[in-house]
>>> print(open('model07.txt').read())   # compact mmCIF, C-alpha atoms and all ligand atoms
# COMPACT_ATOMS: atom_id res chain seq x y z
CA MET A 222 2.02 -25.45 27.23
CA SER A 223 0.43 -22.01 27.06
CA SER A 224 2.65 -19.19 25.91
CA ASP A 225 2.30 -17.63 29.35
CA MET A 226 3.68 -20.74 31.00
CA GLU A 227 6.48 -20.96 28.48
CA LYS A 228 7.48 -17.35 29.16
CA LYS A 229 7.43 -17.79 32.95
CA LYS A 230 9.78 -20.73 32.69
CA TYR A 231 12.79 -18.57 31.89
CA THR A 232 14.94 -16.50 34.19
CA ILE A 233 16.79 -13.58 32.63
CA ALA A 234 20.24 -13.35 34.19
CA THR A 235 23.22 -11.09 33.81
CA LEU A 236 26.39 -10.02 35.57
CA ALA A 237 25.58 -7.25 38.09
CA SER A 238 27.40 -4.35 36.43
CA HIS A 239 27.27 -2.06 33.33
CA SER A 240 23.56 -2.12 32.28
CA ALA A 241 22.32 -4.89 34.57
CA LEU A 242 19.70 -2.70 36.27
CA GLN A 243 18.21 -1.73 32.92
CA ILE A 244 18.28 -5.33 31.62
CA LEU A 245 16.70 -6.84 34.73
CA LYS A 246 14.09 -4.10 35.11
CA GLY A 247 13.15 -4.58 31.46
CA ALA A 248 12.93 -8.34 31.93
CA LYS A 249 10.63 -7.91 34.95
CA ASP A 250 8.44 -5.46 33.00
CA GLU A 251 8.00 -8.19 30.37
CA GLY A 252 7.06 -10.77 33.01
CA PHE A 253 10.26 -12.77 33.46
CA ALA A 254 11.96 -13.96 36.63
CA THR A 255 15.31 -12.19 37.05
CA CYS A 256 18.70 -12.98 38.55
CA ALA A 257 21.81 -10.85 39.11
CA ILE A 258 25.16 -12.59 39.35
CA SER A 259 27.03 -10.24 41.62
CA LEU A 260 30.42 -9.85 43.25
CA SER A 261 29.66 -10.47 46.92
CA GLY A 262 30.74 -6.96 47.90
CA ARG A 263 28.09 -5.44 45.65
CA ALA A 264 25.21 -7.81 46.40
CA SER A 265 23.69 -5.56 49.07
CA PHE A 266 23.51 -2.73 46.51
CA TYR A 267 21.64 -4.89 43.98
CA LYS A 268 19.27 -6.15 46.74
CA ARG A 269 17.79 -2.65 46.86
CA PHE A 270 15.91 -3.26 43.62
CA PRO A 271 12.63 -5.18 43.90
CA PHE A 272 12.68 -6.22 40.23
CA ILE A 273 15.67 -8.49 40.95
CA ASP A 274 14.23 -11.80 42.16
CA SER A 275 17.46 -13.54 43.11
CA ILE A 276 21.14 -12.80 43.48
CA ILE A 277 23.95 -15.29 43.02
CA SER A 278 27.04 -14.02 44.84
CA ILE A 279 30.49 -14.76 43.50
CA GLU A 280 33.83 -13.86 45.07
CA ASN A 281 35.51 -13.00 41.76
CA TYR A 282 34.59 -13.01 38.09
CA THR A 283 36.31 -16.27 37.27
CA GLU A 284 33.98 -18.01 39.73
CA PHE A 285 31.25 -17.32 37.18
CA TYR A 286 32.57 -20.21 35.12
CA ASP A 287 32.24 -22.63 38.06
CA ARG A 288 28.74 -21.44 38.90
CA GLU A 289 27.66 -21.64 35.27
CA LYS A 290 26.97 -25.38 35.62
CA GLU A 291 24.47 -24.54 38.36
CA LEU A 292 22.77 -21.92 36.14
CA LYS A 293 22.52 -24.40 33.30
CA THR A 294 20.40 -26.75 35.38
CA LYS A 295 17.80 -23.97 35.63
CA ASP A 296 16.22 -22.21 32.65
CA PHE A 297 18.48 -19.19 32.64
CA ILE A 298 19.12 -16.96 29.66
CA LEU A 299 22.29 -14.86 29.94
CA ILE A 300 22.22 -11.33 28.53
CA PRO A 301 25.71 -10.11 27.57
CA HIS A 302 26.92 -6.55 28.15
CA GLY A 303 30.22 -4.65 28.19
CA SER A 304 31.36 -5.91 31.60
CA ILE A 305 30.88 -9.51 30.52
CA THR A 306 33.46 -9.14 27.76
CA ALA A 307 35.71 -7.04 29.99
CA TYR A 308 35.67 -9.30 33.07
CA LEU A 309 35.01 -12.80 31.69
CA GLY A 310 37.43 -12.29 28.82
CA PRO A 311 36.87 -11.71 25.09
CA ASP A 312 36.74 -15.50 24.58
CA TYR A 313 33.88 -15.99 27.06
CA GLY A 314 31.67 -17.13 24.19
CA ASN A 315 33.78 -20.27 23.73
CA ARG A 316 33.82 -20.97 27.45
CA ILE A 317 30.14 -20.86 28.32
CA SER A 318 27.30 -23.08 27.24
CA ILE A 319 24.40 -21.49 29.12
CA ALA A 320 21.69 -20.07 26.78
CA HIS A 321 23.08 -16.73 25.57
CA PHE A 322 21.13 -13.93 23.84
CA GLY A 323 23.18 -12.96 20.80
CA ASN A 324 25.33 -14.55 18.13
CA LYS A 325 28.70 -15.44 19.69
CA GLU A 326 30.37 -15.53 16.28
CA VAL A 327 29.87 -11.78 15.99
CA LEU A 328 32.25 -11.26 18.94
CA SER A 329 35.33 -12.24 16.96
CA TRP A 330 34.37 -9.78 14.20
CA GLU A 331 33.89 -7.02 16.74
CA ILE A 332 37.13 -7.54 18.65
CA ASP A 333 39.54 -7.84 15.72
CA ARG A 334 40.13 -4.31 14.33
CA GLU A 335 40.91 -5.60 10.82
CA LYS A 336 37.86 -7.87 10.63
CA GLN A 337 35.69 -5.06 11.97
CA MET A 338 37.00 -2.76 9.24
CA GLU A 339 36.22 -5.39 6.56
CA TRP A 340 32.66 -5.63 7.91
CA LEU A 341 32.16 -1.83 8.01
CA LYS A 342 33.42 -1.51 4.44
CA LYS A 343 31.16 -4.33 3.24
CA ALA A 344 28.26 -2.47 4.86
CA GLY A 345 29.23 0.67 2.94
CA LEU A 346 29.83 2.69 6.11
CA ARG A 347 32.20 5.63 5.81
CA VAL A 348 35.31 5.12 7.95
CA PRO A 349 38.30 7.38 8.73
CA LYS A 350 41.32 6.81 6.49
CA VAL A 351 43.86 4.41 8.01
CA TYR A 352 47.56 5.06 7.33
CA LYS A 353 49.80 2.02 6.81
CA ASN A 354 52.77 3.95 8.16
CA SER A 355 53.71 7.44 9.22
CA SER A 356 55.24 8.47 5.89
CA GLY A 357 51.79 9.02 4.38
CA ILE A 358 50.48 11.32 7.13
CA ASP A 359 49.02 14.32 5.30
CA LYS A 360 46.44 15.57 7.84
CA PRO A 361 45.80 15.40 11.62
CA VAL A 362 45.70 11.82 12.92
CA ILE A 363 44.67 9.93 16.03
CA VAL A 364 47.03 7.13 17.02
CA LYS A 365 45.50 4.19 18.91
CA MET A 366 47.64 1.69 20.77
CA PHE A 367 46.28 -1.85 20.55
CA GLY A 368 44.53 -2.85 23.75
CA ALA A 369 44.16 0.79 24.90
CA LYS A 370 40.92 1.16 26.78
CA GLY A 371 38.70 4.19 27.08
CA GLY A 372 41.00 6.06 24.76
CA SER A 373 43.94 6.17 27.21
CA GLY A 374 46.98 5.22 25.18
CA TYR A 375 45.72 7.35 22.28
CA PHE A 376 47.34 10.52 21.05
CA ILE A 377 46.61 13.15 18.44
CA ALA A 378 49.24 14.48 16.05
CA GLY A 379 48.76 17.41 13.71
CA ASP A 380 51.39 16.22 11.23
CA LYS A 381 54.21 13.71 10.71
CA LYS A 382 56.70 15.72 12.76
CA GLN A 383 54.44 15.69 15.81
CA PHE A 384 53.71 12.00 15.26
CA ASP A 385 57.44 11.13 15.27
CA LYS A 386 57.96 13.06 18.50
CA LYS A 387 55.00 11.52 20.34
CA ILE A 388 55.38 7.93 19.16
CA SER A 389 58.81 7.65 20.79
CA LYS A 390 57.06 7.26 24.17
CA PHE A 391 55.37 4.08 22.95
CA ALA A 392 58.36 1.94 21.94
CA ASP A 393 57.52 -1.62 20.81
CA GLN A 394 53.75 -1.15 21.01
CA LYS A 395 51.37 -2.02 18.18
CA PHE A 396 49.12 0.83 17.03
CA ILE A 397 46.98 2.10 14.21
CA ILE A 398 47.14 5.57 12.69
CA GLN A 399 43.73 6.95 11.79
CA GLU A 400 42.64 10.20 10.18
CA TYR A 401 41.33 12.52 12.95
CA ILE A 402 37.75 13.47 12.11
CA VAL A 403 36.76 16.90 13.36
CA GLY A 404 33.05 16.84 14.12
CA THR A 405 30.56 15.85 16.81
CA PRO A 406 30.48 12.38 18.36
CA VAL A 407 27.09 10.69 17.88
CA TYR A 408 26.45 7.17 19.18
CA LEU A 409 23.58 5.39 17.49
CA GLN A 410 21.83 2.68 19.55
CA TYR A 411 19.93 0.08 17.54
CA PHE A 412 18.08 -3.19 17.97
CA TYR A 413 17.72 -5.73 15.19
CA SER A 414 14.77 -8.05 15.65
CA THR A 415 15.18 -11.45 14.05
CA ILE A 416 11.52 -12.13 14.77
CA LYS A 417 10.21 -8.96 13.09
CA LYS A 418 13.12 -8.70 10.65
CA SER A 419 13.45 -4.99 11.36
CA VAL A 420 16.08 -2.56 12.56
CA GLU A 421 14.82 -0.23 15.29
CA LEU A 422 16.48 2.94 16.58
CA MET A 423 16.45 2.76 20.40
CA GLY A 424 18.22 6.02 21.23
CA ILE A 425 21.14 8.32 20.51
CA ASP A 426 23.77 9.60 22.92
CA ARG A 427 27.19 11.10 23.20
CA ARG A 428 29.77 10.36 25.84
CA TYR A 429 31.01 12.73 28.51
CA GLU A 430 34.74 12.06 28.54
CA SER A 431 37.54 13.06 30.86
CA ASN A 432 39.66 14.97 30.23
CA VAL A 433 38.83 15.84 26.61
CA ASP A 434 35.50 17.49 27.52
CA GLY A 435 37.27 19.46 30.23
CA LEU A 436 39.95 20.69 27.83
CA ALA A 437 37.25 22.44 25.84
CA ARG A 438 36.61 24.64 28.92
CA ILE A 439 40.13 26.03 28.96
CA PRO A 440 40.23 29.40 27.18
CA HIS A 441 42.26 29.32 23.98
CA ASN A 442 44.71 31.97 25.13
CA MET A 443 45.79 29.67 27.99
CA ASP A 444 46.60 26.70 25.73
CA ASP A 445 50.33 27.04 26.37
CA GLU A 446 49.86 26.79 30.12
CA PHE A 447 47.95 23.53 29.80
CA SER A 448 49.94 21.31 27.51
CA VAL A 449 48.10 18.04 28.29
CA GLU A 450 47.26 15.17 25.95
CA PRO A 451 43.53 14.49 25.72
CA SER A 452 42.23 11.27 27.25
CA TYR A 453 38.80 9.76 26.65
CA THR A 454 37.73 8.05 29.88
CA VAL A 455 33.95 7.78 29.78
CA ILE A 456 32.39 9.38 32.86
CA GLY A 457 28.79 9.51 31.69
CA ASN A 458 26.53 10.02 28.69
CA PHE A 459 24.29 12.78 27.33
CA PRO A 460 21.10 12.12 25.34
CA ILE A 461 20.94 13.46 21.80
CA VAL A 462 18.14 14.09 19.37
CA VAL A 463 19.39 14.62 15.85
CA ARG A 464 18.02 16.73 13.01
CA GLU A 465 15.09 14.76 11.67
CA SER A 466 16.58 14.89 8.17
CA LEU A 467 19.46 12.68 9.37
CA LEU A 468 17.18 9.84 10.48
CA PRO A 469 16.72 8.09 7.11
CA GLU A 470 20.52 7.75 6.79
CA ILE A 471 20.78 6.52 10.39
CA TYR A 472 18.24 3.76 9.77
CA ALA A 473 19.93 2.83 6.48
CA MET A 474 23.33 2.54 8.19
CA GLY A 475 21.92 0.11 10.78
CA GLU A 476 20.22 -1.93 8.07
CA ARG A 477 23.37 -2.15 5.96
CA LEU A 478 25.45 -3.28 8.95
CA VAL A 479 22.96 -6.07 9.71
CA SER A 480 22.66 -7.12 6.11
CA ALA A 481 26.49 -7.31 5.69
CA SER A 482 26.70 -9.39 8.89
CA GLN A 483 24.28 -11.93 7.47
CA LYS A 484 26.68 -12.45 4.55
CA LEU A 485 29.83 -12.55 6.69
CA MET A 486 28.40 -14.58 9.60
CA PRO A 487 25.60 -16.61 8.05
CA PRO A 488 22.90 -17.51 8.74
CA LYS A 489 22.14 -15.48 11.85
CA GLY A 490 24.48 -12.49 11.55
CA LEU A 491 24.13 -9.63 14.01
CA TYR A 492 20.91 -9.42 16.01
CA GLY A 493 19.71 -7.81 19.23
CA PRO A 494 21.22 -4.54 20.46
CA PHE A 495 24.20 -2.88 18.81
CA CYS A 496 25.74 0.57 18.55
CA ILE A 497 27.45 2.45 15.72
CA GLU A 498 29.86 5.04 17.14
CA THR A 499 30.23 7.92 14.74
CA ILE A 500 31.70 11.37 14.31
CA VAL A 501 29.53 13.67 12.18
CA THR A 502 31.25 16.36 10.14
CA PRO A 503 29.83 19.84 9.39
CA ASP A 504 28.71 18.60 5.97
CA GLN A 505 26.64 15.96 7.84
CA LEU A 506 28.69 12.93 6.90
CA PHE A 507 28.77 10.05 9.40
CA TYR A 508 32.23 8.55 9.97
CA THR A 509 32.06 5.25 11.84
CA ILE A 510 34.89 4.88 14.33
CA GLU A 511 33.76 1.69 16.02
CA ILE A 512 30.83 -0.65 16.54
CA SER A 513 29.67 -2.51 19.67
CA CYS A 514 27.62 -5.62 19.08
CA ARG A 515 25.74 -5.76 22.38
CA ILE A 516 23.90 -3.41 24.70
CA VAL A 517 26.01 -0.29 25.36
CA ALA A 518 26.10 1.67 28.63
CA GLY A 519 24.73 4.77 26.85
CA THR A 520 21.33 3.02 26.71
CA ASN A 521 21.10 3.51 30.50
CA LEU A 522 19.94 7.04 29.67
CA PHE A 523 16.75 5.59 28.33
CA ILE A 524 15.52 3.19 31.03
CA ASN A 525 12.21 4.95 30.60
CA GLY A 526 12.42 4.94 26.80
CA SER A 527 13.87 7.51 24.39
CA PRO A 528 12.15 9.87 21.94
CA TYR A 529 12.94 7.30 19.23
CA SER A 530 11.74 4.20 21.07
CA ASP A 531 8.59 6.16 21.94
CA LEU A 532 7.86 6.67 18.24
CA THR A 533 8.02 2.90 17.72
CA TYR A 534 6.37 1.57 20.86
CA GLY A 535 4.41 4.31 22.62
CA ILE A 536 5.30 2.73 25.98
CA PRO A 537 8.57 3.12 27.93
CA MET A 538 10.80 0.71 26.03
CA SER A 539 14.41 0.50 27.12
CA THR A 540 16.90 -1.62 25.21
CA GLY A 541 16.88 -4.01 28.19
CA ARG A 542 13.12 -4.37 27.94
CA ARG A 543 13.33 -4.75 24.16
CA ILE A 544 15.67 -7.73 24.63
CA ALA A 545 13.17 -9.36 27.01
CA ARG A 546 10.31 -8.70 24.62
CA GLU A 547 12.23 -10.35 21.77
CA ILE A 548 12.80 -13.42 23.94
CA LYS A 549 9.13 -13.45 24.91
CA GLU A 550 7.96 -13.19 21.30
CA ALA A 551 10.42 -15.81 20.06
CA SER A 552 9.32 -18.11 22.86
CA LYS A 553 5.62 -17.65 21.96
CA GLU A 554 6.37 -18.56 18.36
CA GLY A 555 8.60 -21.50 19.31
CA ARG A 556 11.59 -19.76 17.68
CA LEU A 557 13.93 -19.34 20.64
CA SER A 558 16.69 -21.23 18.84
CA LYS A 559 16.85 -18.34 16.34
CA ILE A 560 17.96 -15.89 19.02
CA LEU A 561 19.86 -17.96 21.56
CA ASP A 562 23.39 -19.16 21.05
P1 LIG B 1 35.39 1.89 23.74
O1 LIG B 1 35.96 0.55 23.41
O2 LIG B 1 34.99 2.08 25.15
O3 LIG B 1 34.33 2.33 22.74
P2 LIG B 1 37.91 2.91 22.87
O4 LIG B 1 38.97 2.89 23.88
O5 LIG B 1 37.92 1.85 21.83
O6 LIG B 1 36.53 2.99 23.58
P3 LIG B 1 37.21 4.82 20.87
O7 LIG B 1 35.74 4.70 21.06
O8 LIG B 1 37.81 4.24 19.63
O9 LIG B 1 37.98 4.30 22.17
O10 LIG B 1 37.61 6.34 20.91
C1 LIG B 1 37.73 7.12 22.10
C2 LIG B 1 37.44 8.57 21.77
O11 LIG B 1 38.29 9.01 20.72
C3 LIG B 1 36.02 8.84 21.35
O12 LIG B 1 35.56 9.94 22.06
C4 LIG B 1 36.07 9.25 19.93
O13 LIG B 1 35.20 10.33 19.73
C5 LIG B 1 37.52 9.67 19.73
N1 LIG B 1 37.96 9.20 18.41
C6 LIG B 1 38.27 7.92 18.09
N2 LIG B 1 38.63 7.83 16.78
C7 LIG B 1 38.53 9.08 16.29
C8 LIG B 1 38.76 9.65 15.00
N3 LIG B 1 39.17 8.91 13.96
N4 LIG B 1 38.57 10.98 14.84
C9 LIG B 1 38.17 11.76 15.88
N5 LIG B 1 37.94 11.29 17.12
C10 LIG B 1 38.11 9.96 17.33
>>> encode(input="model07.txt", output="structure tokens", more="lines below")
Ligand code: ATP
Amino acid sequence: MSSDMEKKKYTIATLASHSALQILKGAKDEGFATCAISLSGRASFYKRFPFIDSIISIENYTEFYDREKELKTKDFILIPHGSITAYLGPDYGNRISIAHFGNKEVLSWEIDREKQMEWLKKAGLRVPKVYKNSSGIDKPVIVKMFGAKGGSGYFIAGDKKQFDKKISKFADQKFIIQEYIVGTPVYLQYFYSTIKKSVELMGIDRRYESNVDGLARIPHNMDDEFSVEPSYTVIGNFPIVVRESLLPEIYAMGERLVSASQKLMPPKGLYGPFCIETIVTPDQLFYTIEISCRIVAGTNLFINGSPYSDLTYGIPMSTGRRIAREIKEASKEGRLSKILD
């Protein structure tokens, strides 16, 4: 079979949400058939886009599992994104058997805060100090309730006294106490290619969060009139270009994270798109607050490529398109099993 035939055989599919437009546009640009699995109420929206060849309508997300058998009979490859974990459940990897781009084992390391911390430390990434209990609090902290999403259920305390006062509202909840890093949030979007064995920087963004970004607009002398806790609900994203002198460190961080994953989750480790969420201090130190081991919504800024992807490819290369290209190249070389799980 010619490589062209082999490539045409596959349909790239994803749940119609999050970064589906980017993923399916990228797949079409690389020559694949595409399918959106959409809640029926949203299907007419996704029909607007000519790069989506077919739409499978479902009434609710759990119906995905019933329809999966149907997808398996065709040559579908499922691309995971944030809504897949959110709506199909964090254990979706154990429940599906359709070809899936990405190592499912990585999911359990991403979800479990303690395992994620072990991985970050093994990769030599700088992380905020974590306090075992409140007695050690010696600087401003951010307190994160387990299961809090989008930063709601977080609070900031300047010292132990403030912590004691604020924690009383969260009786019986599990939480972690983390050093509060004062700096600028910088989200690093990468792609690790198993085929090329290289880490690529796809783009950089920061989030536009409500209400914390609005609080910054309130003049200091009115602080007392606005005594509100910050929340971190993501409303959108801004693109960032960083000082060029920071780029070598950024590439090294991505490489170390991948290399540690290959030791912790052998043999495949982390591959495909991932994001390191950092806060950068005035002395230009990167503190990693979290990682996401799949395409992140901030990549939607760069459907037409980013300054960094342009340096590598010279054509508009979104993360969605990069995924499709990896599948195409693996397919050509008969190495699809290396990137599908
Ligand atoms: P998501 O899962 O969508 O990434 P989340 O609910 O897990 O979000 P985080 O990404 O951990 O939330 O953090 C939400 C916000 O809190 C971010 O804007 C981040 O900048 C800020 N933040 C988190 N940890 C720290 C920290 N240690 N120091 C300073 N700011 C922090």
>>> closest_residue(input="model07.txt", among="A:Gly247, A:Gly252, A:Pro301, A:Gly457", to="ligand LIG 1 (chain B)", atoms="all atoms listed in the file")
A:Gly457
>>> residues_near_ligand(input="model07.txt", ligand="ligand LIG 1 (chain B)", cutoff="7 Å", atoms="only C-alpha atoms and all ligand atoms", output="ChimeraX atom specification")
/A:349,363,369-373,399-403,406,428,430,453,500,510-511
>>> closest_residue(input="model07.txt", among="A:Ala234, A:Gln505, A:Ala248, A:Leu422", to="Ile277 of chain A", atoms="all atoms listed in the file")
A:Ala234
>>> closest_residue(input="model07.txt", among="A:Ile512, A:Met538, A:Leu242, A:Ile471", to="Leu341 of chain A", atoms="all atoms listed in the file")
A:Ile512
>>> residues_around(input="model07.txt", residues="Ile536 of chain A", least_positions_apart="5", cutoff="9 Å", atoms="only C-alpha atoms", output="mmCIF file with C-alpha atoms, in the coordinates of the input")
data_model
loop_
_atom_site.group_PDB
_atom_site.id
_atom_site.type_symbol
_atom_site.label_atom_id
_atom_site.label_comp_id
_atom_site.auth_asym_id
_atom_site.auth_seq_id
_atom_site.Cartn_x
_atom_site.Cartn_y
_atom_site.Cartn_z
ATOM 1 C CA ASN A 525 12.210 4.950 30.600
ATOM 2 C CA GLY A 526 12.420 4.940 26.800
ATOM 3 C CA SER A 530 11.740 4.200 21.070
ATOM 4 C CA ASP A 531 8.590 6.160 21.940
#
>>> atom_distance(input="model07.txt", atom1="atom CA of Ser265 of chain A", atom2="atom CA of Thr232 of chain A")
20.4 Å
>>> closest_residue(input="model07.txt", among="A:Gly345, A:Pro451, A:Pro271, A:Gly323", to="Gly493 of chain A", atoms="all atoms listed in the file")
A:Gly323
>>> closest_residue(input="model07.txt", among="A:Asn442, A:Ser466, A:Thr499, A:Ser452", to="Leu409 of chain A", atoms="all atoms listed in the file")
A:Thr499
>>> atom_distance(input="model07.txt", atom1="atom CA of Met366 of chain A", atom2="atom CA of Gln394 of chain A")
6.7 Å
>>> residues_around(input="model07.txt", residues="Ile332 of chain A", least_positions_apart="6", cutoff="12 Å", atoms="all atoms listed in the file", output="list in words")
Thr306, Ala307, Gly310, Pro311, Asp312, Lys325, Glu326, Met338, Trp340, Phe367, Gly368, Glu511, Ile512, Ser513 and Cys514 of chain A
>>> decode(input="model07.txt", residues="segment 470-487 of chain A", atoms="N, CA, C and O atoms", output="short mmCIF file (atom, residue, chain, number, x, y, z; two decimals), in the first residue's frame")
data_model
loop_
_atom_site.label_atom_id
_atom_site.label_comp_id
_atom_site.auth_asym_id
_atom_site.auth_seq_id
_atom_site.Cartn_x
_atom_site.Cartn_y
_atom_site.Cartn_z
N GLU A 470 16.64 27.73 28.22
CA GLU A 470 16.12 27.12 29.45
C GLU A 470 14.74 26.49 29.18
O GLU A 470 14.42 25.41 29.68
N ILE A 471 13.93 27.16 28.39
CA ILE A 471 12.59 26.66 28.09
C ILE A 471 12.68 25.32 27.34
O ILE A 471 11.99 24.36 27.67
N TYR A 472 13.56 25.25 26.36
CA TYR A 472 13.74 23.97 25.65
C TYR A 472 14.26 22.90 26.61
O TYR A 472 13.80 21.76 26.60
N ALA A 473 15.22 23.27 27.44
CA ALA A 473 15.82 22.29 28.37
C ALA A 473 14.77 21.75 29.34
O ALA A 473 14.76 20.55 29.66
N MET A 474 13.86 22.63 29.79
CA MET A 474 12.82 22.17 30.73
C MET A 474 11.93 21.12 30.06
O MET A 474 11.61 20.08 30.65
N GLY A 475 11.53 21.38 28.82
CA GLY A 475 10.68 20.42 28.09
C GLY A 475 11.42 19.10 27.91
O GLY A 475 10.85 18.01 28.10
N GLU A 476 12.70 19.18 27.57
CA GLU A 476 13.47 17.96 27.35
C GLU A 476 13.62 17.15 28.63
O GLU A 476 13.51 15.92 28.62
N ARG A 477 13.84 17.85 29.75
CA ARG A 477 14.01 17.13 31.02
C ARG A 477 12.71 16.46 31.45
O ARG A 477 12.71 15.36 31.98
N LEU A 478 11.58 17.12 31.18
CA LEU A 478 10.28 16.54 31.56
C LEU A 478 10.04 15.25 30.76
O LEU A 478 9.60 14.23 31.30
N VAL A 479 10.36 15.29 29.47
CA VAL A 479 10.17 14.11 28.62
C VAL A 479 11.11 13.00 29.06
O VAL A 479 10.71 11.84 29.21
N SER A 480 12.36 13.37 29.29
CA SER A 480 13.34 12.34 29.64
C SER A 480 12.97 11.67 30.98
O SER A 480 13.05 10.45 31.12
N ALA A 481 12.51 12.46 31.96
CA ALA A 481 12.08 11.86 33.25
C ALA A 481 10.88 10.94 33.02
O ALA A 481 10.76 9.89 33.66
N SER A 482 9.99 11.31 32.12
CA SER A 482 8.78 10.49 31.88
C SER A 482 9.17 9.13 31.30
O SER A 482 8.51 8.13 31.55
N GLN A 483 10.24 9.13 30.52
CA GLN A 483 10.64 7.84 29.91
C GLN A 483 11.18 6.88 30.97
O GLN A 483 11.10 5.67 30.82
N LYS A 484 11.70 7.45 32.07
CA LYS A 484 12.16 6.59 33.17
C LYS A 484 10.98 6.17 34.04
O LYS A 484 10.92 5.03 34.50
N LEU A 485 10.04 7.08 34.27
CA LEU A 485 8.91 6.77 35.17
C LEU A 485 7.82 5.95 34.48
O LEU A 485 7.12 5.19 35.13
N MET A 486 7.64 6.17 33.17
CA MET A 486 6.57 5.47 32.44
C MET A 486 7.16 4.80 31.20
O MET A 486 6.80 5.14 30.07
N PRO A 487 8.12 3.90 31.38
CA PRO A 487 8.79 3.32 30.23
C PRO A 487 7.85 2.40 29.45
O PRO A 487 6.91 1.89 30.04
#
